[in-house]
Amino acid sequence: MGAVVLEHGRAVLAQAEALGQAVDRFKAGEGRVDVGTLQSVSHAILPTVLRLLREEHPRCDIRLSEPDEPRLGELDLLFYDGLISDETERVLLMEDPYLLVAPPGDLPEGPVSARKLDGKPMVAWPSSCDQPRLERSLADAGARPRIVFRSAGSETILSMVRAGMGLAVLPWLAIHQVVCRDCGAIHGPEGWPDLRVHDLDPTPARAIYLHWPPGRGDESPLAARTIEVAVEVARELAQQAPATRS
């Protein structure tokens, strides 16, 4: 009898907890939203989204994580550079073009043909998220760079380029805040420009999506408002991004 009561009691408690979380999420002003993100979105899009949400709902509970796998699980929203499942609802936030980063004088000024990267040493992100698709895009353009080092940190990659390890191809979102708009260069720790940023021809680009479970926008006003704010912020940011070349 005790075992039977314990089994059913656990189920009842789990349902009560789920109900409590659903109620919390429904209360927009004092609600909760669990958001999964990735590094460059955390760096470039989320800070503005969070600031605007907190101005509107000072007591809201926003919980962030950078999941290892691109899946929603218990998340209300997930930023990801690609599609994850036909079962999710989603919105395309922006196209994020990739740019070439090299030491000054290493390449001619202006746009660089992707073919010129063939055989060149390159420092790159790990083979996850959109990175495999980027490398396939370069191969389709006739370029198979020689990957000499992989790191998930954009600053680490830039440091390795400064050290002469190789070139780098990084998305605009990951580096736009450190690129000088007037000179198209990245300034080093000492303050002078020590890396040049080039457009690629053709220009690979990754798609930044926001995913959520079906119906979540109807169930949670806070989640719905987060989607609206993210779309607005990304739209403004996309207007600053370099134009792509086909």
# chains A, B, ... in the order shown; residues from 1 in each chain; ligands from 1

call {"tool": "residues_around", "arguments": {"residues": "A:Leu46", "least_positions_apart": "6", "cutoff": "9 Å", "atoms": "only C-alpha atoms", "output": "VMD selection string"}}
result
chain A and resid 37 230 233

call {"tool": "select_by_dssp", "arguments": {"residues": "stretch 6-244 of chain A", "states": "strand (DSSP E)", "output": "VMD selection string"}}
result
chain A and resid 32 to 36 61 to 65 77 to 80 89 to 102 112 to 113 121 to 124 146 to 150 167 to 171 185 to 187 193 to 201 205 to 212

call {"tool": "closest_atom_pairs", "arguments": {"of": "stretch 61-147 of chain A", "to": "stretch 154-157 of chain A", "cutoff": "12 Å", "atoms": "only C-alpha atoms", "output": "tab-separated table"}}
result
residue	atom	partner	partner_atom	distance
A:Val101	CA	A:Ile157	CA	9.8
A:Ala102	CA	A:Ile157	CA	11.1
A:Met122	CA	A:Ile157	CA	9.5
A:Val123	CA	A:Ile157	CA	6.1
A:Ala124	CA	A:Ile157	CA	6.9
A:Trp125	CA	A:Ser154	CA	7.9
A:Pro126	CA	A:Ile157	CA	11.0
A:Ile147	CA	A:Ile157	CA	11.8

call {"tool": "residues_around", "arguments": {"residues": "stretch 175-179 of chain A", "least_positions_apart": "6", "cutoff": "12 Å", "atoms": "only C-alpha atoms", "output": "JSON list (two decimals) with all heavy atoms, in the first residue's frame"}}
result
[["chain", "number", "residue", "atom", "x", "y", "z"],
["A", 39, "GLN", "N", 26.68, 31.99, -28.03],
["A", 39, "GLN", "CA", 27.61, 33.02, -27.59],
["A", 39, "GLN", "C", 27.43, 34.37, -28.28],
["A", 39, "GLN", "O", 27.30, 35.39, -27.62],
["A", 39, "GLN", "CB", 29.05, 32.52, -27.81],
["A", 39, "GLN", "CG", 30.11, 33.45, -27.26],
["A", 39, "GLN", "CD", 31.50, 32.94, -27.55],
["A", 39, "GLN", "OE1", 32.12, 33.33, -28.54],
["A", 39, "GLN", "NE2", 31.98, 32.05, -26.71],
["A", 40, "SER", "N", 27.38, 34.38, -29.61],
["A", 40, "SER", "CA", 27.32, 35.67, -30.31],
["A", 40, "SER", "C", 25.97, 36.37, -30.11],
["A", 40, "SER", "O", 25.92, 37.60, -30.07],
["A", 40, "SER", "CB", 27.60, 35.50, -31.80],
["A", 40, "SER", "OG", 26.80, 34.48, -32.35],
["A", 41, "VAL", "N", 24.89, 35.60, -29.95],
["A", 41, "VAL", "CA", 23.60, 36.20, -29.63],
["A", 41, "VAL", "C", 23.63, 36.79, -28.22],
["A", 41, "VAL", "O", 23.11, 37.88, -27.98],
["A", 41, "VAL", "CB", 22.46, 35.17, -29.78],
["A", 41, "VAL", "CG1", 21.15, 35.71, -29.21],
["A", 41, "VAL", "CG2", 22.27, 34.80, -31.24],
["A", 43, "HIS", "N", 26.10, 37.98, -26.85],
["A", 43, "HIS", "CA", 26.98, 39.14, -26.91],
["A", 43, "HIS", "C", 26.33, 40.33, -27.59],
["A", 43, "HIS", "O", 26.53, 41.48, -27.18],
["A", 43, "HIS", "CB", 28.26, 38.74, -27.65],
["A", 43, "HIS", "CG", 29.31, 39.80, -27.70],
["A", 43, "HIS", "ND1", 29.94, 40.29, -26.58],
["A", 43, "HIS", "CD2", 29.86, 40.47, -28.75],
["A", 43, "HIS", "CE1", 30.82, 41.20, -26.93],
["A", 43, "HIS", "NE2", 30.78, 41.34, -28.24],
["A", 44, "ALA", "N", 25.53, 40.07, -28.63],
["A", 44, "ALA", "CA", 25.08, 41.17, -29.49],
["A", 44, "ALA", "C", 23.59, 41.48, -29.43],
["A", 44, "ALA", "O", 23.20, 42.63, -29.59],
["A", 44, "ALA", "CB", 25.46, 40.86, -30.94],
["A", 45, "ILE", "N", 22.74, 40.47, -29.23],
["A", 45, "ILE", "CA", 21.29, 40.68, -29.28],
["A", 45, "ILE", "C", 20.66, 40.69, -27.90],
["A", 45, "ILE", "O", 19.88, 41.58, -27.55],
["A", 45, "ILE", "CB", 20.62, 39.59, -30.17],
["A", 45, "ILE", "CG1", 21.10, 39.72, -31.62],
["A", 45, "ILE", "CG2", 19.11, 39.70, -30.10],
["A", 45, "ILE", "CD1", 20.53, 38.65, -32.55],
["A", 96, "ASP", "N", 23.28, 36.55, -40.87],
["A", 96, "ASP", "CA", 24.52, 37.04, -40.26],
["A", 96, "ASP", "C", 25.70, 36.69, -41.17],
["A", 96, "ASP", "O", 26.14, 35.54, -41.21],
["A", 96, "ASP", "CB", 24.68, 36.39, -38.89],
["A", 96, "ASP", "CG", 25.87, 36.92, -38.11],
["A", 96, "ASP", "OD1", 26.37, 38.00, -38.45],
["A", 96, "ASP", "OD2", 26.29, 36.25, -37.14],
["A", 97, "PRO", "N", 26.24, 37.65, -41.93],
["A", 97, "PRO", "CA", 27.31, 37.34, -42.89],
["A", 97, "PRO", "C", 28.63, 37.02, -42.20],
["A", 97, "PRO", "O", 28.95, 37.58, -41.15],
["A", 97, "PRO", "CB", 27.41, 38.62, -43.72],
["A", 97, "PRO", "CG", 26.91, 39.70, -42.82],
["A", 97, "PRO", "CD", 25.85, 39.07, -41.96],
["A", 98, "TYR", "N", 29.39, 36.13, -42.82],
["A", 98, "TYR", "CA", 30.73, 35.82, -42.33],
["A", 98, "TYR", "C", 31.75, 36.79, -42.94],
["A", 98, "TYR", "O", 31.64, 37.18, -44.11],
["A", 98, "TYR", "CB", 31.13, 34.39, -42.71],
["A", 98, "TYR", "CG", 30.47, 33.34, -41.86],
["A", 98, "TYR", "CD1", 29.27, 32.75, -42.25],
["A", 98, "TYR", "CD2", 31.05, 32.91, -40.66],
["A", 98, "TYR", "CE1", 28.66, 31.76, -41.47],
["A", 98, "TYR", "CE2", 30.45, 31.94, -39.88],
["A", 98, "TYR", "CZ", 29.27, 31.37, -40.29],
["A", 98, "TYR", "OH", 28.67, 30.40, -39.52],
["A", 99, "LEU", "N", 32.74, 37.16, -42.14],
["A", 99, "LEU", "CA", 33.79, 38.07, -42.58],
["A", 99, "LEU", "C", 35.15, 37.41, -42.38],
["A", 99, "LEU", "O", 35.34, 36.55, -41.52],
["A", 99, "LEU", "CB", 33.74, 39.38, -41.77],
["A", 99, "LEU", "CG", 32.43, 40.16, -41.87],
["A", 99, "LEU", "CD1", 32.45, 41.35, -40.90],
["A", 99, "LEU", "CD2", 32.19, 40.66, -43.29],
["A", 100, "LEU", "N", 36.10, 37.84, -43.18],
["A", 100, "LEU", "CA", 37.46, 37.31, -43.12],
["A", 100, "LEU", "C", 38.32, 38.24, -42.28],
["A", 100, "LEU", "O", 38.33, 39.46, -42.50],
["A", 100, "LEU", "CB", 38.03, 37.19, -44.53],
["A", 100, "LEU", "CG", 39.48, 36.75, -44.66],
["A", 100, "LEU", "CD1", 39.68, 35.35, -44.11],
["A", 100, "LEU", "CD2", 39.92, 36.82, -46.12],
["A", 101, "VAL", "N", 39.05, 37.68, -41.31],
["A", 101, "VAL", "CA", 39.93, 38.45, -40.45],
["A", 101, "VAL", "C", 41.37, 38.00, -40.72],
["A", 101, "VAL", "O", 41.66, 36.80, -40.69],
["A", 101, "VAL", "CB", 39.58, 38.26, -38.96],
["A", 101, "VAL", "CG1", 40.49, 39.12, -38.08],
["A", 101, "VAL", "CG2", 38.12, 38.60, -38.71],
["A", 153, "GLY", "N", 35.88, 30.33, -28.40],
["A", 153, "GLY", "CA", 35.96, 31.74, -28.01],
["A", 153, "GLY", "C", 36.42, 32.63, -29.14],
["A", 153, "GLY", "O", 37.52, 32.44, -29.68],
["A", 154, "SER", "N", 35.61, 33.61, -29.51],
["A", 154, "SER", "CA", 35.98, 34.51, -30.61],
["A", 154, "SER", "C", 37.23, 35.32, -30.27],
["A", 154, "SER", "O", 38.09, 35.55, -31.13],
["A", 154, "SER", "CB", 34.82, 35.45, -30.94],
["A", 154, "SER", "OG", 33.68, 34.72, -31.34],
["A", 155, "GLU", "N", 37.36, 35.76, -29.01],
["A", 155, "GLU", "CA", 38.55, 36.51, -28.61],
["A", 155, "GLU", "C", 39.80, 35.65, -28.71],
["A", 155, "GLU", "O", 40.87, 36.13, -29.10],
["A", 155, "GLU", "CB", 38.38, 37.04, -27.18],
["A", 155, "GLU", "CG", 37.45, 38.25, -27.07],
["A", 155, "GLU", "CD", 37.98, 39.45, -27.86],
["A", 155, "GLU", "OE1", 39.21, 39.61, -27.95],
["A", 155, "GLU", "OE2", 37.15, 40.22, -28.38],
["A", 156, "THR", "N", 39.67, 34.37, -28.37],
["A", 156, "THR", "CA", 40.81, 33.45, -28.50],
["A", 156, "THR", "C", 41.21, 33.31, -29.96],
["A", 156, "THR", "O", 42.40, 33.33, -30.30],
["A", 156, "THR", "CB", 40.45, 32.08, -27.92],
["A", 156, "THR", "OG1", 40.13, 32.22, -26.54],
["A", 156, "THR", "CG2", 41.60, 31.10, -28.07],
["A", 157, "ILE", "N", 40.23, 33.19, -30.84],
["A", 157, "ILE", "CA", 40.52, 33.08, -32.27],
["A", 157, "ILE", "C", 41.23, 34.33, -32.77],
["A", 157, "ILE", "O", 42.24, 34.25, -33.49],
["A", 157, "ILE", "CB", 39.22, 32.83, -33.05],
["A", 157, "ILE", "CG1", 38.70, 31.41, -32.77],
["A", 157, "ILE", "CG2", 39.44, 33.01, -34.55],
["A", 157, "ILE", "CD1", 37.39, 31.08, -33.44],
["A", 158, "LEU", "N", 40.76, 35.51, -32.37],
["A", 158, "LEU", "CA", 41.41, 36.75, -32.79],
["A", 158, "LEU", "C", 42.84, 36.81, -32.27],
["A", 158, "LEU", "O", 43.75, 37.27, -32.97],
["A", 158, "LEU", "CB", 40.61, 37.96, -32.32],
["A", 158, "LEU", "CG", 39.20, 38.12, -32.91],
["A", 158, "LEU", "CD1", 38.51, 39.35, -32.32],
["A", 158, "LEU", "CD2", 39.27, 38.24, -34.43],
["A", 168, "ALA", "N", 41.03, 33.85, -40.11],
["A", 168, "ALA", "CA", 39.80, 33.42, -39.45],
["A", 168, "ALA", "C", 38.61, 33.91, -40.25],
["A", 168, "ALA", "O", 38.65, 34.99, -40.85],
["A", 168, "ALA", "CB", 39.72, 33.95, -38.02],
["A", 169, "VAL", "N", 37.57, 33.11, -40.27],
["A", 169, "VAL", "CA", 36.29, 33.50, -40.86],
["A", 169, "VAL", "C", 35.26, 33.43, -39.75],
["A", 169, "VAL", "O", 34.94, 32.36, -39.25],
["A", 169, "VAL", "CB", 35.90, 32.58, -42.04],
["A", 169, "VAL", "CG1", 34.53, 32.97, -42.58],
["A", 169, "VAL", "CG2", 36.94, 32.66, -43.16],
["A", 185, "ALA", "N", 38.96, 47.85, -39.36],
["A", 185, "ALA", "CA", 40.01, 47.11, -38.68],
["A", 185, "ALA", "C", 39.58, 46.78, -37.26],
["A", 185, "ALA", "O", 38.64, 47.36, -36.73],
["A", 185, "ALA", "CB", 41.31, 47.92, -38.66],
["A", 186, "ILE", "N", 40.29, 45.82, -36.66],
["A", 186, "ILE", "CA", 40.09, 45.48, -35.25],
["A", 186, "ILE", "C", 41.29, 45.99, -34.48],
["A", 186, "ILE", "O", 42.44, 45.69, -34.82],
["A", 186, "ILE", "CB", 39.93, 43.96, -35.07],
["A", 186, "ILE", "CG1", 38.66, 43.47, -35.79],
["A", 186, "ILE", "CG2", 39.87, 43.60, -33.60],
["A", 186, "ILE", "CD1", 38.47, 41.96, -35.74],
["A", 187, "HIS", "N", 41.05, 46.77, -33.46],
["A", 187, "HIS", "CA", 42.13, 47.34, -32.67],
["A", 187, "HIS", "C", 42.57, 46.35, -31.59],
["A", 187, "HIS", "O", 41.76, 45.71, -30.94],
["A", 187, "HIS", "CB", 41.68, 48.65, -32.00],
["A", 187, "HIS", "CG", 41.44, 49.74, -32.99],
["A", 187, "HIS", "ND1", 42.33, 50.74, -33.22],
["A", 187, "HIS", "CD2", 40.40, 49.97, -33.84],
["A", 187, "HIS", "CE1", 41.86, 51.57, -34.16],
["A", 187, "HIS", "NE2", 40.69, 51.11, -34.54],
["A", 188, "GLY", "N", 43.87, 46.24, -31.41],
["A", 188, "GLY", "CA", 44.43, 45.33, -30.43],
["A", 188, "GLY", "C", 44.42, 45.90, -29.03],
["A", 188, "GLY", "O", 43.95, 47.03, -28.80],
["A", 189, "PRO", "N", 44.96, 45.16, -28.08],
["A", 189, "PRO", "CA", 44.97, 45.61, -26.68],
["A", 189, "PRO", "C", 45.69, 46.94, -26.48],
["A", 189, "PRO", "O", 45.36, 47.71, -25.59],
["A", 189, "PRO", "CB", 45.71, 44.47, -25.96],
["A", 189, "PRO", "CG", 45.55, 43.28, -26.84],
["A", 189, "PRO", "CD", 45.53, 43.81, -28.23],
["A", 191, "GLY", "N", 45.66, 49.40, -28.56],
["A", 191, "GLY", "CA", 44.87, 50.50, -29.10],
["A", 191, "GLY", "C", 45.02, 50.74, -30.58],
["A", 191, "GLY", "O", 44.21, 51.44, -31.17],
["A", 192, "TRP", "N", 46.05, 50.20, -31.23],
["A", 192, "TRP", "CA", 46.19, 50.43, -32.66],
["A", 192, "TRP", "C", 45.58, 49.28, -33.46],
["A", 192, "TRP", "O", 45.49, 48.15, -32.98],
["A", 192, "TRP", "CB", 47.67, 50.63, -33.04],
["A", 192, "TRP", "CG", 48.54, 49.44, -32.79],
["A", 192, "TRP", "CD1", 48.64, 48.31, -33.54],
["A", 192, "TRP", "CD2", 49.45, 49.27, -31.70],
["A", 192, "TRP", "NE1", 49.54, 47.43, -33.00],
["A", 192, "TRP", "CE2", 50.07, 48.01, -31.87],
["A", 192, "TRP", "CE3", 49.82, 50.06, -30.60],
["A", 192, "TRP", "CZ2", 51.02, 47.51, -30.98],
["A", 192, "TRP", "CZ3", 50.76, 49.55, -29.73],
["A", 192, "TRP", "CH2", 51.34, 48.31, -29.91],
["A", 193, "PRO", "N", 45.18, 49.58, -34.71],
["A", 193, "PRO", "CA", 44.58, 48.51, -35.52],
["A", 193, "PRO", "C", 45.61, 47.46, -35.87],
["A", 193, "PRO", "O", 46.64, 47.77, -36.44],
["A", 193, "PRO", "CB", 44.05, 49.24, -36.76],
["A", 193, "PRO", "CG", 44.63, 50.60, -36.73],
["A", 193, "PRO", "CD", 45.18, 50.86, -35.39],
["A", 194, "ASP", "N", 45.37, 46.21, -35.50],
["A", 194, "ASP", "CA", 46.33, 45.15, -35.79],
["A", 194, "ASP", "C", 45.73, 43.99, -36.58],
["A", 194, "ASP", "O", 46.43, 43.03, -36.87],
["A", 194, "ASP", "CB", 46.96, 44.64, -34.49],
["A", 194, "ASP", "CG", 45.94, 44.04, -33.53],
["A", 194, "ASP", "OD1", 44.73, 44.15, -33.82],
["A", 194, "ASP", "OD2", 46.36, 43.47, -32.51],
["A", 195, "LEU", "N", 44.44, 44.06, -36.92],
["A", 195, "LEU", "CA", 43.80, 43.06, -37.76],
["A", 195, "LEU", "C", 42.91, 43.75, -38.77],
["A", 195, "LEU", "O", 42.25, 44.75, -38.45],
["A", 195, "LEU", "CB", 42.97, 42.09, -36.91],
["A", 195, "LEU", "CG", 43.71, 41.17, -35.93],
["A", 195, "LEU", "CD1", 42.72, 40.36, -35.11],
["A", 195, "LEU", "CD2", 44.68, 40.26, -36.65],
["A", 196, "ARG", "N", 42.90, 43.24, -39.98],
["A", 196, "ARG", "CA", 42.03, 43.78, -41.02],
["A", 196, "ARG", "C", 40.83, 42.87, -41.22],
["A", 196, "ARG", "O", 40.93, 41.64, -41.11],
["A", 196, "ARG", "CB", 42.78, 43.89, -42.35],
["A", 196, "ARG", "CG", 43.98, 44.80, -42.33],
["A", 196, "ARG", "CD", 43.62, 46.24, -42.05],
["A", 196, "ARG", "NE", 42.63, 46.75, -42.99],
["A", 196, "ARG", "CZ", 42.14, 47.99, -42.93],
["A", 196, "ARG", "NH1", 42.51, 48.82, -41.96],
["A", 196, "ARG", "NH2", 41.26, 48.40, -43.82],
["A", 197, "VAL", "N", 39.69, 43.46, -41.52],
["A", 197, "VAL", "CA", 38.45, 42.73, -41.76],
["A", 197, "VAL", "C", 38.07, 42.90, -43.22],
["A", 197, "VAL", "O", 38.00, 44.03, -43.72],
["A", 197, "VAL", "CB", 37.31, 43.22, -40.84],
["A", 197, "VAL", "CG1", 36.03, 42.46, -41.14],
["A", 197, "VAL", "CG2", 37.71, 43.06, -39.38],
["A", 198, "HIS", "N", 37.87, 41.80, -43.93],
["A", 198, "HIS", "CA", 37.54, 41.81, -45.35],
["A", 198, "HIS", "C", 36.20, 41.14, -45.59],
["A", 198, "HIS", "O", 35.86, 40.14, -44.93],
["A", 198, "HIS", "CB", 38.60, 41.04, -46.15],
["A", 198, "HIS", "CG", 40.00, 41.53, -45.98],
["A", 198, "HIS", "ND1", 40.61, 42.41, -46.86],
["A", 198, "HIS", "CD2", 40.93, 41.26, -45.02],
["A", 198, "HIS", "CE1", 41.85, 42.65, -46.45],
["A", 198, "HIS", "NE2", 42.07, 41.97, -45.35],
["A", 237, "LEU", "N", 19.56, 45.64, -35.84],
["A", 237, "LEU", "CA", 20.95, 45.22, -35.93],
["A", 237, "LEU", "C", 21.29, 44.78, -37.35],
["A", 237, "LEU", "O", 22.39, 45.07, -37.85],
["A", 237, "LEU", "CB", 21.19, 44.07, -34.95],
["A", 237, "LEU", "CG", 22.62, 43.76, -34.52],
["A", 237, "LEU", "CD1", 23.28, 44.99, -33.91],
["A", 237, "LEU", "CD2", 22.64, 42.62, -33.53],
["A", 238, "ALA", "N", 20.37, 44.10, -38.01],
["A", 238, "ALA", "CA", 20.61, 43.61, -39.37],
["A", 238, "ALA", "C", 20.85, 44.75, -40.34],
["A", 238, "ALA", "O", 21.57, 44.58, -41.35],
["A", 238, "ALA", "CB", 19.43, 42.76, -39.84],
["A", 240, "GLN", "N", 22.68, 47.21, -39.89],
["A", 240, "GLN", "CA", 24.07, 47.62, -39.77],
["A", 240, "GLN", "C", 25.03, 46.60, -40.39],
["A", 240, "GLN", "O", 26.21, 46.90, -40.59],
["A", 240, "GLN", "CB", 24.45, 47.81, -38.30],
["A", 240, "GLN", "CG", 23.55, 48.76, -37.53],
["A", 240, "GLN", "CD", 23.85, 48.74, -36.04],
["A", 240, "GLN", "OE1", 24.96, 48.49, -35.62],
["A", 240, "GLN", "NE2", 22.82, 49.00, -35.24],
["A", 241, "ALA", "N", 24.55, 45.40, -40.67],
["A", 241, "ALA", "CA", 25.41, 44.33, -41.15],
["A", 241, "ALA", "C", 25.86, 44.59, -42.59],
["A", 241, "ALA", "O", 25.15, 45.23, -43.37],
["A", 241, "ALA", "CB", 24.68, 43.00, -41.06],
["A", 242, "PRO", "N", 27.05, 44.10, -42.97],
["A", 242, "PRO", "CA", 27.52, 44.26, -44.34],
["A", 242, "PRO", "C", 26.59, 43.53, -45.32],
["A", 242, "PRO", "O", 25.97, 42.53, -44.98],
["A", 242, "PRO", "CB", 28.90, 43.60, -44.33],
["A", 242, "PRO", "CG", 29.30, 43.53, -42.89],
["A", 242, "PRO", "CD", 28.02, 43.40, -42.12]]

call {"tool": "closest_residue", "arguments": {"among": "A:Ala3, A:Ile227, A:Val148, A:Leu222", "to": "A:Val33", "atoms": "only C-alpha atoms"}}
result
A:Leu222

call {"tool": "residues_around", "arguments": {"residues": "A:Pro111", "least_positions_apart": "3", "cutoff": "9 Å", "atoms": "only C-alpha atoms", "output": "VMD selection string"}}
result
chain A and resid 108 198 to 201

call {"tool": "select_by_dssp", "arguments": {"residues": "stretch 130-238 of chain A", "states": "helix (DSSP H, G or I)", "output": "PyMOL selection string"}}
result
chain A and resi 131-140+154-162+172-178+216-219+221-238

call {"tool": "residues_around", "arguments": {"residues": "A:Gly119", "least_positions_apart": "5", "cutoff": "7 Å", "atoms": "only C-alpha atoms", "output": "number ranges by chain"}}
result
A: 144-146

call {"tool": "residues_around", "arguments": {"residues": "A:Leu75", "least_positions_apart": "6", "cutoff": "7 Å", "atoms": "only C-alpha atoms", "output": "ChimeraX atom specification"}}
result
/A:34-36

call {"tool": "write_last_selection", "arguments": {"atoms": "N, CA and C atoms", "output": "mmCIF file, in the first residue's frame"}}
result
data_model
loop_
_atom_site.group_PDB
_atom_site.id
_atom_site.type_symbol
_atom_site.label_atom_id
_atom_site.label_comp_id
_atom_site.auth_asym_id
_atom_site.auth_seq_id
_atom_site.Cartn_x
_atom_site.Cartn_y
_atom_site.Cartn_z
ATOM 1 N N ASP A 34 12.384 30.935 -19.672
ATOM 2 C CA ASP A 34 13.671 30.240 -19.749
ATOM 3 C C ASP A 34 14.164 30.298 -21.194
ATOM 4 N N VAL A 35 15.339 30.895 -21.385
ATOM 5 C CA VAL A 35 15.841 31.180 -22.727
ATOM 6 C C VAL A 35 17.185 30.495 -22.932
ATOM 7 N N GLY A 36 17.289 29.732 -24.012
ATOM 8 C CA GLY A 36 18.565 29.167 -24.427
ATOM 9 C C GLY A 36 19.175 30.049 -25.502
#

call {"tool": "atom_distance", "arguments": {"atom1": "atom CA of A:Gln131", "atom2": "atom CA of A:Asp106"}}
result
23.7 Å

call {"tool": "closest_residue", "arguments": {"among": "A:Val91, A:Leu107, A:Leu38, A:Leu50", "to": "A:Glu66", "atoms": "only C-alpha atoms"}}
result
A:Leu38
